[in-house]
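Here's the structure, in structure tokens; my notes come after.
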Amino acid sequence: MKEKRQGKRSKTAMLISLLLVLAMALTACGNSNSTTTSTSSESAENTGTEAKETDAGNGEAFKITMMQELYSDAAPDYANNAWFAYLQEELNVELSINFVPTSTYVDKITTYIASNTLPMVFTARSDVLQNNNLIMSMESDGFWTLDDYLADYPNLYEFVGAQTWENSKINGKNYGIPRLRILARNGAIIRQDWLDNLELDMPETFDELYEVLRAFTEDDPDGNGVDDTYGLTTAYEVAANRSWNGIQTLAVAFGAPNGWVYADGEMVPDYGTEEYLTALQYLRKIYENGYMNLDFGEITANTRYEYFQQGSYGMVFGVIDDANNQQENLVQVVPDAQCAVLAALHKEGEDPLCNATAGFNGLLMFTKFGSNAIETEDDLRKILSFYDSLCKEDMQDFIGYGIEGVHHEVIDGVKTLFYNDQGKTVLSVDVGDFSQLLPIAAFTRRPTDTALITSVFDAADEREAYLVNDVSTNLKSDTKNELSSELDTIMMDASVKFIVGTIDEAGYLNEYAKWLAQGGEDVIKEFKAYYEEYIQ
């Protein structure tokens, strides 16, 4: 084996004046009418009480209390913010936002549940949805379910999409608005300049990809006359990596389930399928010939990107919407480098198959209990109307571009965002982490998109027809919750050992049998029972 080192509507001057007057009015009214950036539970309780003192039916702005993680160092000054003032005036709402540092967010969720002080609307990322207190509140009717209302809000329903609404159900119900992510984002980023240098076409089949990885390793694609290039870099340090690290991408393209599938009355994990093993065999051949980084089972996800950005690797498995970031970093080292999105892979003569993501990361949830709750169906409908309006084209345009003259200018008919001295768009600074409480498309095309960004979005669109969904996205299993780490480790280690050659096919199957015996069989049964009760 060859040895290698590891190496967005515009407004007139009248609107601007109105915004200034509104901002002054907001400031003059003090805390009762301005956004809340306190991280205390008392702040959440107070703003919630105030929200119920206003009769929204009399034409006054409807007050909505919200909570969101604070990812930034400080929350934006929404009391003196033209973007925020316009949003509230346009949709006749008054938003009071309690920002909580991300490091304590899960704990705050628990505290607010215990004290009955959750705000009307809050974000719950995927790990928050696993919080036992949240689950118990959910099961005791603590949150509004949206299934009976969605048909009345077509903009919201279509914006999210039928598949993602389905994927985000819990116990067969929609407990919130999914925070969108690209469904077809798993894949690989490849060096287009290396393909061009070697006069190679974009690989589409497994044989073509193998030949490209070989050539990237052996045929001096950078033309420097030195044996210092490699085909592929990837990482498999933790089990969560496999959705993007190439294993599931390859396995699904070979015909395996995307994690799990319900077929012929049975729940089937990909681990136990012939197609999954075929994908491991494919990677084993690449590994044996030195066409990938030999330390893939040891390095972190960040390290595999560092390898690619150093210019020595021709392809990296990951998420395709990272392509632009990877190129921007790569050209700091290799100025003429050009990245592209790897084509959707397929067997010879067959259509591609692509492993889909869940299409969301957490939910916007609506509280039904406690002192700050959305107490009536009428109030829930007001909030859903707010979100339905946000999904309309004009408001999405406002979310993406802000106010002309404040956040963007129009040059030759094209909206161009303003940047500040720190290299950030003025819009992103004004919106801040409130963006997490907005319905934002998984991706938005702009006239200023580069060819690479356009190709990423084109690829995401094209792959919609070939997506294979993971039916386990919203399944529950007590065994999996209890033994997830141990079970994942068994099959992760088995996969790595097979690829590097320390176990053969029989050894891999023995590890799968061990996975079944130590809890996997129970997970299969529990997933099947849940699927047949809530989904089938």
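Residue numbering restarts at 1 for every chain of the structure tokens, chains are lettered A, B, ... in their displayed order, and ligands are numbered from 1 as they appear.
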
Leu417 (chain A): which residues within 12 Å, counting only C-alpha atoms, same-chain residues fewer than 5 positions away excluded, as a list in words?
Lys8, Phe398, Gly400, Tyr401, Gly402, Ile403, Glu404, Gly405, Val406, His407, His408, Glu409, Val410, Ile411, Gly423, Lys424, Thr425, Val426, Leu427, Ser428, Val429, Arg446, Pro447 and Thr448 of chain A

Writing out the chosen residues with N, CA and C atoms as a tab-separated table (two decimals), in the first residue's frame:
chain	number	residue	atom	x	y	z
A	8	LYS	N	-31.53	40.36	0.30
A	8	LYS	CA	-33.69	41.25	0.13
A	8	LYS	C	-35.28	42.92	-0.24
A	398	PHE	N	-37.99	41.02	2.79
A	398	PHE	CA	-37.58	41.94	3.86
A	398	PHE	C	-36.62	41.25	4.82
A	400	GLY	N	-34.60	38.93	4.11
A	400	GLY	CA	-33.32	38.71	3.45
A	400	GLY	C	-32.55	39.95	3.08
A	401	TYR	N	-33.24	41.09	2.92
A	401	TYR	CA	-32.55	42.30	2.46
A	401	TYR	C	-32.75	43.52	3.35
A	402	GLY	N	-33.79	43.52	4.19
A	402	GLY	CA	-34.02	44.66	5.07
A	402	GLY	C	-34.56	45.87	4.33
A	403	ILE	N	-34.18	47.05	4.78
A	403	ILE	CA	-34.72	48.32	4.29
A	403	ILE	C	-33.71	48.99	3.36
A	404	GLU	N	-34.20	49.43	2.22
A	404	GLU	CA	-33.32	50.11	1.28
A	404	GLU	C	-32.77	51.40	1.90
A	405	GLY	N	-31.49	51.59	1.75
A	405	GLY	CA	-30.83	52.76	2.31
A	405	GLY	C	-30.34	52.55	3.72
A	406	VAL	N	-30.86	51.51	4.38
A	406	VAL	CA	-30.42	51.17	5.74
A	406	VAL	C	-29.60	49.87	5.72
A	407	HIS	N	-30.13	48.89	5.03
A	407	HIS	CA	-29.47	47.59	4.98
A	407	HIS	C	-28.94	47.22	3.59
A	408	HIS	N	-29.48	47.84	2.56
A	408	HIS	CA	-29.02	47.53	1.21
A	408	HIS	C	-29.22	48.72	0.29
A	409	GLU	N	-28.55	48.66	-0.82
A	409	GLU	CA	-28.78	49.60	-1.90
A	409	GLU	C	-29.07	48.81	-3.17
A	410	VAL	N	-29.70	49.49	-4.14
A	410	VAL	CA	-30.01	48.84	-5.41
A	410	VAL	C	-29.08	49.39	-6.48
A	411	ILE	N	-28.28	48.49	-7.02
A	411	ILE	CA	-27.32	48.86	-8.06
A	411	ILE	C	-27.67	48.10	-9.32
A	423	GLY	N	-16.86	43.49	8.73
A	423	GLY	CA	-17.11	42.54	7.66
A	423	GLY	C	-18.44	41.84	7.74
A	424	LYS	N	-19.31	42.28	8.63
A	424	LYS	CA	-20.64	41.68	8.76
A	424	LYS	C	-21.67	42.57	8.06
A	425	THR	N	-22.73	41.95	7.56
A	425	THR	CA	-23.78	42.77	6.95
A	425	THR	C	-24.51	43.53	8.04
A	426	VAL	N	-24.90	44.77	7.72
A	426	VAL	CA	-25.66	45.58	8.68
A	426	VAL	C	-26.94	44.85	9.05
A	427	LEU	N	-27.54	44.17	8.07
A	427	LEU	CA	-28.77	43.42	8.31
A	427	LEU	C	-28.57	42.33	9.36
A	428	SER	N	-27.51	41.56	9.23
A	428	SER	CA	-27.29	40.47	10.18
A	428	SER	C	-27.07	40.98	11.59
A	429	VAL	N	-26.45	42.16	11.71
A	429	VAL	CA	-26.24	42.75	13.03
A	429	VAL	C	-27.56	43.20	13.62
A	446	ARG	N	-29.78	34.51	-4.52
A	446	ARG	CA	-29.62	35.95	-4.66
A	446	ARG	C	-28.93	36.26	-5.99
A	447	PRO	N	-29.25	37.41	-6.61
A	447	PRO	CA	-28.58	37.77	-7.86
A	447	PRO	C	-27.07	37.85	-7.73
A	448	THR	N	-26.60	38.10	-6.51
A	448	THR	CA	-25.16	38.23	-6.29
A	448	THR	C	-24.47	36.90	-6.01

Select from region 363-446 of chain A every residue with an atom at most 8 Å from any atom of region 84-102 of chain A, then for each give the shortest pair of atoms and their distance in Å to one decimal, using only C-alpha atoms, rows by chain and rising number, as a tab-separated table.
residue	atom	partner	partner_atom	distance
A:Phe386	CA	A:Leu91	CA	6.8
A:Ser389	CA	A:Leu91	CA	7.7
A:Asp430	CA	A:Phe84	CA	7.7
A:Val431	CA	A:Phe84	CA	7.3

Next, the residues of the selection above should be written as an mmCIF file, in the first residue's frame with C-alpha atoms.
data_model
loop_
_atom_site.group_PDB
_atom_site.id
_atom_site.type_symbol
_atom_site.label_atom_id
_atom_site.label_comp_id
_atom_site.auth_asym_id
_atom_site.auth_seq_id
_atom_site.Cartn_x
_atom_site.Cartn_y
_atom_site.Cartn_z
ATOM 1 C CA PHE A 386 -47.909 36.236 12.102
ATOM 2 C CA SER A 389 -47.355 36.414 6.876
ATOM 3 C CA ASP A 430 -29.699 44.316 13.298
ATOM 4 C CA VAL A 431 -31.531 40.991 13.136
#

Shortest contact to Arg381 (chain A), candidates A:Thr104, A:Asn361, A:Thr145, A:Gln436, atoms counted only C-alpha atoms, goes to A:Thr145

Tell me, as a ChimeraX atom specification, which residues lie within 12 Å of Val331 (chain A), counting only C-alpha atoms; anything in the same chain fewer than 5 positions away does not count. /A:191,193,308-311,324-326,336-339

Inset, instruction - Quick one: everything within 12 Å of Thr234 (chain A), counting only C-alpha atoms, minus sequence neighbours fewer than 5 positions away in the same chain. Send it as a ChimeraX atom specification. - result: /A:6-7,187-189,241-247,283,287,291-308,313-319

Counting only C-alpha atoms, what is within 12 Å of Glu139 (chain A), bar same-chain residues fewer than 6 positions away, as a PDB file with C-alpha atoms, in the first residue's frame?
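Result written to out.pdb:
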ATOM      1  CA  ASN A 132     -37.263  14.900  29.849  1.00  0.00           C
ATOM      2  CA  ASN A 133     -39.157  17.828  31.388  1.00  0.00           C
ATOM      3  CA  THR A 145     -50.188  20.990  18.407  1.00  0.00           C
ATOM      4  CA  ILE A 170     -43.559  13.764  17.620  1.00  0.00           C
ATOM      5  CA  ASN A 171     -45.934  11.017  18.677  1.00  0.00           C
ATOM      6  CA  GLY A 172     -47.660  11.553  15.337  1.00  0.00           C
ATOM      7  CA  LYS A 173     -48.297  15.259  15.938  1.00  0.00           C
ATOM      8  CA  TYR A 175     -45.665  20.291  18.058  1.00  0.00           C
TER       9      TYR A 175
END

- [ ] Name all residues at most 9 Å from Leu475 (chain A) (count only C-alpha atoms; drop same-chain ones fewer than 5 positions away) and give them as a PyMOL selection string.
- [x] chain A and resi 170-171+526-528+530-531+534-535

Selection from above, N, CA and C atoms, as a compact mmCIF listing (two decimals), in the first residue's frame, can you write it?
# COMPACT_ATOMS: atom_id res chain seq x y z
N ILE A 170 -43.91 14.48 16.39
CA ILE A 170 -43.56 13.76 17.62
C ILE A 170 -44.82 13.09 18.11
N ASN A 171 -44.75 11.80 18.32
CA ASN A 171 -45.93 11.02 18.68
C ASN A 171 -47.07 11.24 17.67
N GLU A 526 -39.08 -1.73 19.22
CA GLU A 526 -39.68 -0.50 19.73
C GLU A 526 -39.92 0.50 18.59
N PHE A 527 -38.98 0.60 17.68
CA PHE A 527 -39.19 1.45 16.51
C PHE A 527 -40.38 0.96 15.69
N LYS A 528 -40.47 -0.35 15.52
CA LYS A 528 -41.58 -0.91 14.74
C LYS A 528 -42.91 -0.61 15.40
N TYR A 530 -43.68 1.80 17.49
CA TYR A 530 -43.95 3.24 17.42
C TYR A 530 -44.39 3.63 16.02
N TYR A 531 -43.70 3.12 15.02
CA TYR A 531 -44.03 3.43 13.63
C TYR A 531 -45.45 2.98 13.29
N TYR A 534 -48.05 5.33 15.28
CA TYR A 534 -48.15 6.76 15.02
C TYR A 534 -47.96 7.18 13.57
N ILE A 535 -47.35 6.35 12.76
CA ILE A 535 -46.96 6.81 11.43
C ILE A 535 -47.61 6.02 10.30

So which bits of region 276-402 of chain A end up strand (DSSP E) when you DSSP the backbone, as a tab-separated table (two decimals) with N, CA and C atoms, in the first residue's frame?
chain	number	residue	atom	x	y	z
A	313	TYR	N	-5.73	17.42	-0.50
A	313	TYR	CA	-6.79	16.44	-0.75
A	313	TYR	C	-7.75	16.94	-1.81
A	314	GLY	N	-8.22	16.01	-2.65
A	314	GLY	CA	-9.05	16.38	-3.78
A	314	GLY	C	-10.54	16.33	-3.54
A	315	MET	N	-10.96	15.69	-2.45
A	315	MET	CA	-12.40	15.58	-2.17
A	315	MET	C	-12.60	15.40	-0.68
A	316	VAL	N	-13.70	15.97	-0.18
A	316	VAL	CA	-14.04	15.81	1.22
A	316	VAL	C	-15.53	15.55	1.34
A	317	PHE	N	-15.89	14.49	2.05
A	317	PHE	CA	-17.29	14.24	2.35
A	317	PHE	C	-17.77	15.24	3.40
A	318	GLY	N	-19.04	15.67	3.26
A	318	GLY	CA	-19.60	16.63	4.20
A	318	GLY	C	-20.96	17.08	3.74
A	319	VAL	N	-21.26	18.35	3.92
A	319	VAL	CA	-22.53	18.92	3.46
A	319	VAL	C	-22.23	19.89	2.34
A	339	CYS	N	-13.54	24.79	-6.25
A	339	CYS	CA	-14.33	23.68	-5.72
A	339	CYS	C	-15.61	23.48	-6.52
A	340	ALA	N	-16.17	22.30	-6.40
A	340	ALA	CA	-17.45	21.97	-7.02
A	340	ALA	C	-18.15	20.96	-6.12
A	341	VAL	N	-19.43	20.74	-6.39
A	341	VAL	CA	-20.19	19.73	-5.66
A	341	VAL	C	-20.12	18.42	-6.43
A	354	CYS	N	-29.97	9.53	-2.89
A	354	CYS	CA	-29.27	10.45	-2.00
A	354	CYS	C	-29.86	10.39	-0.60
A	355	ASN	N	-29.00	10.33	0.40
A	355	ASN	CA	-29.49	10.29	1.77
A	355	ASN	C	-29.94	11.67	2.22
A	360	PHE	N	-34.82	19.66	9.04
A	360	PHE	CA	-35.04	20.65	10.10
A	360	PHE	C	-34.08	20.39	11.25
A	361	ASN	N	-33.91	21.42	12.06
A	361	ASN	CA	-33.12	21.28	13.28
A	361	ASN	C	-33.89	21.95	14.41
A	362	GLY	N	-34.73	21.18	15.07
A	362	GLY	CA	-35.52	21.70	16.17
A	362	GLY	C	-36.78	22.40	15.70
A	363	LEU	N	-37.53	22.91	16.66
A	363	LEU	CA	-38.85	23.48	16.41
A	363	LEU	C	-39.02	24.85	17.06
A	364	LEU	N	-39.96	25.64	16.52
A	364	LEU	CA	-40.51	26.78	17.23
A	364	LEU	C	-41.76	26.27	17.92
A	365	MET	N	-41.77	26.27	19.24
A	365	MET	CA	-42.86	25.67	19.99
A	365	MET	C	-43.76	26.73	20.62
A	366	PHE	N	-45.01	26.32	20.95
A	366	PHE	CA	-46.04	27.25	21.40
A	366	PHE	C	-46.63	26.77	22.73

field: Distance of CA of Gln248 (chain A) from CA of Thr502 (chain A), expressed in Å to one decimal place
entry: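 The value is 21.0 Å.
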
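Counting from CA of Gly272 (chain A), the distance to CA of Leu516 (chain A) is 9.7 Å.
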
**Request:** Determine which residues of region 386-497 of chain A receive a DSSP assignment of helix (DSSP H, G or I), computed from the backbone, and state them as a ChimeraX atom specification.
**Result:** /A:386-390,393-401,426-437,451-466,471-474,478-497

- Task: Write out as a list in words each polymer residue whose atoms come within 8 Å of Ala459 (chain A), counting only C-alpha atoms; drop sequence neighbours fewer than 4 positions from it.
- Result: Val341, Ala343, Ser455 and Arg463 of chain A
